[in-house]
Amino acid sequence: MNPSNCDTSDMAEEEAPPSAPRQPTPAEEQSVAKANEAIAIRPKRGRLTLLSRRIYNALLYHSQRQGVDEPVYKLALSELIGDARFNSNNTELLKAHLRDMQATTIEWSTSGPALKRWVSSQLLGTVTIEEQGRGRPCMVTWRYPEEIKERLVRPHQYTRVLLEISGQMRSYSAAVLYEIGARYLTSPGRLSMREDVVWWAAVLTGRSDIKEVDYRFLKRDVISKALAEIEALCEDFSIELIEHKRGRKIEEIQFRVIPKVQQRLGDIPNAERNVFDLALVGRLIALGIKQEEAQDLYATTDEAQLRATLDHVDQRLRSPTMPELKSPAAYFKDALKKGYAPVKPLPAADAPTAKTTASTNTQAPPAIPLSPSDRMQRIRELWENDRMAQARAMFGEMQVPAQGELRSQFEAQRLEQLAPPIARAWRRDGPASRVAASTFYKWVAQTTWPEEPSDRVLLDFALQRGVAGI
């Protein structure tokens, strides 16, 4: 199939197929009733990814709207792409993730007063993508294995999962923990299941090949990052790790869900905590870190630690006696990870020695050359961040009535289009919100300076700012 023949680029003008008419559903209503058994999936064969989980939730959402009695489900491919937050028209990549779900085997156990049932099944049945001719949308059809279809499409015990929030998660482990948090938020003890470390490793990574686990690395590379992501992106709750030891070894873990309403009572006087520092994000991008990754780093890392590490890297770049850094971005990440510029004391075992530092300087991986288009895109991202910083400064200098008028215009034009957690953050904290501020100041910049920059303007900007690596 040629992806270019599938009309996925203009979803707003596309009509629903006559056989399944649908009205657009507001983002806040796009919630899937996900069977509790399908939340903490431990694949027995194959592997699940973040995108495959998003696609699966979107398919399940539309299946539930069409009803359990439908033998096969049908949807415009562009609608699936939009609801799964796929952000690409590459149908080959989409098909690869669908194959992964078809190849993934899961175990489904149920029990009742007189019956215990165990089912081993595919995650997804037959999937078809059809081209209907030029000018007509591509359609995707799918089935579920009959043994688990009803429990998926019409579950008796389920958790409401918002597609908008799930789509904001940047890692598979965070997406899983978000759904687990939503499930146990309303339970009396707000405690998740307690399982061994290997079980959790498979569930949080979507991998079926995990037999042994070094818990230190699982906690550092998977759990801690997922918890930080939940803290940054989820407005309703935080999640706390609980470790269970046998002797000195941690053998089992579980999670406690903490409503954020209670947490924020002590944070109300501290308005500066929610200020999104665009200049700090811009410094990360200037080192060669992509904008999306820079924003993720800012959201999940202590701000003082980021600033101290950036200052350390700046001093290292200016040093006339040290070897030239081939990849400032790689050096920064290593310095952040190893705490070269600690804000608070670190355990002695984690403190790097001078020998380690020198070794890192000389062994930094070589920078990957940027193509001309990537280079211009990097400059554009820096330019947009600079405009957002200008917009923030301009807003801060306005009189209170003028600020109120601008906020009213933003709410009238954009509030209904925002993802529910961002809208809630805006209603609660306004421009002081760490979650909603970047959206607001981006809108202010676009409203104040609506003209698109030419390549000449972008290059002049890069030269004036002395952008590194461009």
# chains A, B, ... in the order shown; residues from 1 in each chain; ligands from 1
>>> residues_around(residues="A:Ala436", least_positions_apart="5", cutoff="8 Å", atoms="only C-alpha atoms", output="list in words")
Ile422, Ala423, Ala425, Trp426, Gly430 and Pro431 of chain A
>>> write_last_selection(atoms="N, CA, C and O atoms", output="compact mmCIF listing (two decimals), in the first residue's frame")
# COMPACT_ATOMS: atom_id res chain seq x y z
N ILE A 422 -4.55 20.33 31.02
CA ILE A 422 -3.99 21.66 30.81
C ILE A 422 -5.06 22.71 31.11
O ILE A 422 -4.78 23.75 31.72
N ALA A 423 -6.31 22.45 30.68
CA ALA A 423 -7.39 23.38 30.95
C ALA A 423 -7.62 23.52 32.45
O ALA A 423 -7.83 24.63 32.96
N ALA A 425 -5.43 23.02 34.80
CA ALA A 425 -4.28 23.75 35.36
C ALA A 425 -4.42 25.25 35.11
O ALA A 425 -4.09 26.07 35.97
N TRP A 426 -4.92 25.61 33.93
CA TRP A 426 -5.11 27.03 33.61
C TRP A 426 -6.18 27.65 34.52
O TRP A 426 -6.00 28.73 35.06
N GLY A 430 -3.78 29.81 36.18
CA GLY A 430 -3.56 30.82 35.15
C GLY A 430 -2.15 30.77 34.60
O GLY A 430 -1.53 29.70 34.52
N PRO A 431 -1.56 31.93 34.25
CA PRO A 431 -0.21 31.95 33.67
C PRO A 431 0.87 31.43 34.61
O PRO A 431 1.99 31.15 34.16
>>> residues_around(residues="stretch 231-246 of chain A", least_positions_apart="2", cutoff="9 Å", atoms="only C-alpha atoms", output="VMD selection string")
chain A and resid 165 168 to 169 177 to 178 181 to 182 185 194 223 to 224 226 to 229 248 to 261 263 299 to 300 421 to 422 424 to 425 434 to 435
>>> select_by_dssp(residues="stretch 25-246 of chain A", states="alpha helix (DSSP H)", output="PyMOL selection string")
chain A and resi 50-66+77-83+91-103+146-153+163-166+172-184+197-205+215-218+224-233
>>> residues_around(residues="A:Ser171", least_positions_apart="2", cutoff="9 Å", atoms="only C-alpha atoms", output="list in words")
Thr49, Leu50, Met169, Ser173, Ala174, Ala175, Val176, Val222, Lys225, Ala226 and Glu229 of chain A
>>> write_last_selection(atoms="N, CA and C atoms", output="short mmCIF file (atom, residue, chain, number, x, y, z; two decimals), in the first residue's frame")
data_model
loop_
_atom_site.label_atom_id
_atom_site.label_comp_id
_atom_site.auth_asym_id
_atom_site.auth_seq_id
_atom_site.Cartn_x
_atom_site.Cartn_y
_atom_site.Cartn_z
N THR A 49 4.64 -1.45 22.90
CA THR A 49 5.31 -0.15 22.93
C THR A 49 4.31 0.92 23.33
N LEU A 50 4.81 2.11 23.57
CA LEU A 50 3.93 3.22 23.93
C LEU A 50 2.91 3.48 22.84
N MET A 169 1.59 11.01 27.77
CA MET A 169 2.71 10.28 28.37
C MET A 169 3.77 9.98 27.32
N SER A 173 6.22 3.03 30.39
CA SER A 173 6.04 2.79 31.82
C SER A 173 5.15 3.85 32.45
N ALA A 174 5.26 5.11 32.03
CA ALA A 174 4.39 6.16 32.57
C ALA A 174 2.95 5.94 32.15
N ALA A 175 2.73 5.49 30.90
CA ALA A 175 1.37 5.22 30.44
C ALA A 175 0.73 4.11 31.27
N VAL A 176 1.51 3.08 31.59
CA VAL A 176 0.99 1.98 32.41
C VAL A 176 0.67 2.48 33.82
N VAL A 222 13.59 3.02 34.81
CA VAL A 222 12.19 2.84 34.41
C VAL A 222 11.24 3.47 35.42
N LYS A 225 11.81 7.43 36.46
CA LYS A 225 11.48 8.33 35.36
C LYS A 225 9.98 8.36 35.11
N ALA A 226 9.33 7.20 35.24
CA ALA A 226 7.87 7.15 35.05
C ALA A 226 7.16 7.93 36.15
N GLU A 229 7.41 11.56 35.44
CA GLU A 229 6.54 11.93 34.32
C GLU A 229 5.09 12.05 34.78
#
>>> closest_residue(among="A:Leu60, A:Ala294, A:Glu37, A:Ala286", to="A:Met193", atoms="only C-alpha atoms")
A:Glu37
>>> residues_around(residues="A:Asp314", least_positions_apart="5", cutoff="12 Å", atoms="only C-alpha atoms", output="number ranges by chain")
A: 283-284, 286-287, 307-309, 319, 325, 328-329, 331-332, 335, 341, 468
>>> write_last_selection(atoms="N, CA, C and O atoms", output="PDB file, in the first residue's frame")
ATOM      1  N   ARG A 283      18.265  27.222  26.736  1.00  0.00           N
ATOM      2  CA  ARG A 283      19.676  26.869  26.930  1.00  0.00           C
ATOM      3  C   ARG A 283      19.918  25.391  26.645  1.00  0.00           C
ATOM      4  O   ARG A 283      20.960  25.020  26.089  1.00  0.00           O
ATOM      5  N   LEU A 284      18.961  24.549  27.023  1.00  0.00           N
ATOM      6  CA  LEU A 284      19.086  23.124  26.718  1.00  0.00           C
ATOM      7  C   LEU A 284      19.083  22.892  25.210  1.00  0.00           C
ATOM      8  O   LEU A 284      19.883  22.122  24.680  1.00  0.00           O
ATOM      9  N   ALA A 286      19.949  24.990  22.899  1.00  0.00           N
ATOM     10  CA  ALA A 286      21.169  25.547  22.310  1.00  0.00           C
ATOM     11  C   ALA A 286      22.339  24.573  22.381  1.00  0.00           C
ATOM     12  O   ALA A 286      23.264  24.655  21.567  1.00  0.00           O
ATOM     13  N   LEU A 287      22.304  23.631  23.332  1.00  0.00           N
ATOM     14  CA  LEU A 287      23.372  22.633  23.419  1.00  0.00           C
ATOM     15  C   LEU A 287      23.239  21.550  22.349  1.00  0.00           C
ATOM     16  O   LEU A 287      24.160  20.762  22.146  1.00  0.00           O
ATOM     17  N   ARG A 307      19.978  23.993  36.136  1.00  0.00           N
ATOM     18  CA  ARG A 307      20.704  25.254  35.979  1.00  0.00           C
ATOM     19  C   ARG A 307      22.178  25.086  36.355  1.00  0.00           C
ATOM     20  O   ARG A 307      23.076  25.582  35.648  1.00  0.00           O
ATOM     21  N   ALA A 308      22.445  24.371  37.442  1.00  0.00           N
ATOM     22  CA  ALA A 308      23.825  24.172  37.866  1.00  0.00           C
ATOM     23  C   ALA A 308      24.611  23.359  36.834  1.00  0.00           C
ATOM     24  O   ALA A 308      25.776  23.653  36.550  1.00  0.00           O
ATOM     25  N   THR A 309      23.964  22.339  36.247  1.00  0.00           N
ATOM     26  CA  THR A 309      24.640  21.520  35.238  1.00  0.00           C
ATOM     27  C   THR A 309      24.887  22.309  33.965  1.00  0.00           C
ATOM     28  O   THR A 309      25.945  22.185  33.325  1.00  0.00           O
ATOM     29  N   SER A 319      36.478  26.697  28.554  1.00  0.00           N
ATOM     30  CA  SER A 319      37.810  26.428  29.099  1.00  0.00           C
ATOM     31  C   SER A 319      38.847  26.306  27.979  1.00  0.00           C
ATOM     32  O   SER A 319      38.705  25.470  27.083  1.00  0.00           O
ATOM     33  N   LEU A 325      34.776  19.831  23.226  1.00  0.00           N
ATOM     34  CA  LEU A 325      33.667  18.876  23.342  1.00  0.00           C
ATOM     35  C   LEU A 325      33.065  18.624  21.964  1.00  0.00           C
ATOM     36  O   LEU A 325      32.618  19.548  21.301  1.00  0.00           O
ATOM     37  N   PRO A 328      28.298  18.634  22.989  1.00  0.00           N
ATOM     38  CA  PRO A 328      27.882  19.271  24.245  1.00  0.00           C
ATOM     39  C   PRO A 328      26.623  18.644  24.840  1.00  0.00           C
ATOM     40  O   PRO A 328      26.491  18.537  26.049  1.00  0.00           O
ATOM     41  N   ALA A 329      25.705  18.215  23.977  1.00  0.00           N
ATOM     42  CA  ALA A 329      24.463  17.615  24.480  1.00  0.00           C
ATOM     43  C   ALA A 329      24.748  16.315  25.228  1.00  0.00           C
ATOM     44  O   ALA A 329      24.206  16.069  26.307  1.00  0.00           O
ATOM     45  N   TYR A 331      27.578  15.423  26.606  1.00  0.00           N
ATOM     46  CA  TYR A 331      28.313  15.739  27.827  1.00  0.00           C
ATOM     47  C   TYR A 331      27.359  16.247  28.906  1.00  0.00           C
ATOM     48  O   TYR A 331      27.469  15.878  30.088  1.00  0.00           O
ATOM     49  N   PHE A 332      26.401  17.089  28.504  1.00  0.00           N
ATOM     50  CA  PHE A 332      25.432  17.603  29.472  1.00  0.00           C
ATOM     51  C   PHE A 332      24.640  16.463  30.122  1.00  0.00           C
ATOM     52  O   PHE A 332      24.455  16.426  31.338  1.00  0.00           O
ATOM     53  N   ALA A 335      26.777  14.651  32.514  1.00  0.00           N
ATOM     54  CA  ALA A 335      27.028  15.468  33.701  1.00  0.00           C
ATOM     55  C   ALA A 335      25.806  15.513  34.604  1.00  0.00           C
ATOM     56  O   ALA A 335      25.911  15.466  35.833  1.00  0.00           O
ATOM     57  N   ALA A 341      27.700  18.750  38.814  1.00  0.00           N
ATOM     58  CA  ALA A 341      27.488  20.046  39.467  1.00  0.00           C
ATOM     59  C   ALA A 341      26.346  19.905  40.460  1.00  0.00           C
ATOM     60  O   ALA A 341      25.265  20.454  40.261  1.00  0.00           O
ATOM     61  N   ALA A 468      25.078  27.429  19.244  1.00  0.00           N
ATOM     62  CA  ALA A 468      26.106  26.388  19.138  1.00  0.00           C
ATOM     63  C   ALA A 468      25.644  25.245  18.252  1.00  0.00           C
ATOM     64  O   ALA A 468      24.514  24.815  18.323  1.00  0.00           O
TER      65      ALA A 468
END
>>> residues_around(residues="A:Leu98", least_positions_apart="6", cutoff="12 Å", atoms="only C-alpha atoms", output="list in words")
Gly46, Arg47, Leu48, Thr49, Leu51, Ser52, Arg53, Arg54, Ile55, Tyr56, Leu59, Thr91, Glu92, Thr104, Gln122, Leu123, Leu124, Gly125, Thr126, Val127, Thr128, Ile129, Val140, Thr141, Trp142 and Arg143 of chain A
>>> atom_distance(atom1="atom CA of A:Lys34", atom2="atom CA of A:Asn57")
8.1 Å
>>> residues_around(residues="stretch 63-70 of chain A", least_positions_apart="5", cutoff="7 Å", atoms="only C-alpha atoms", output="NGL selection string")
:A and (150 or 153-154)
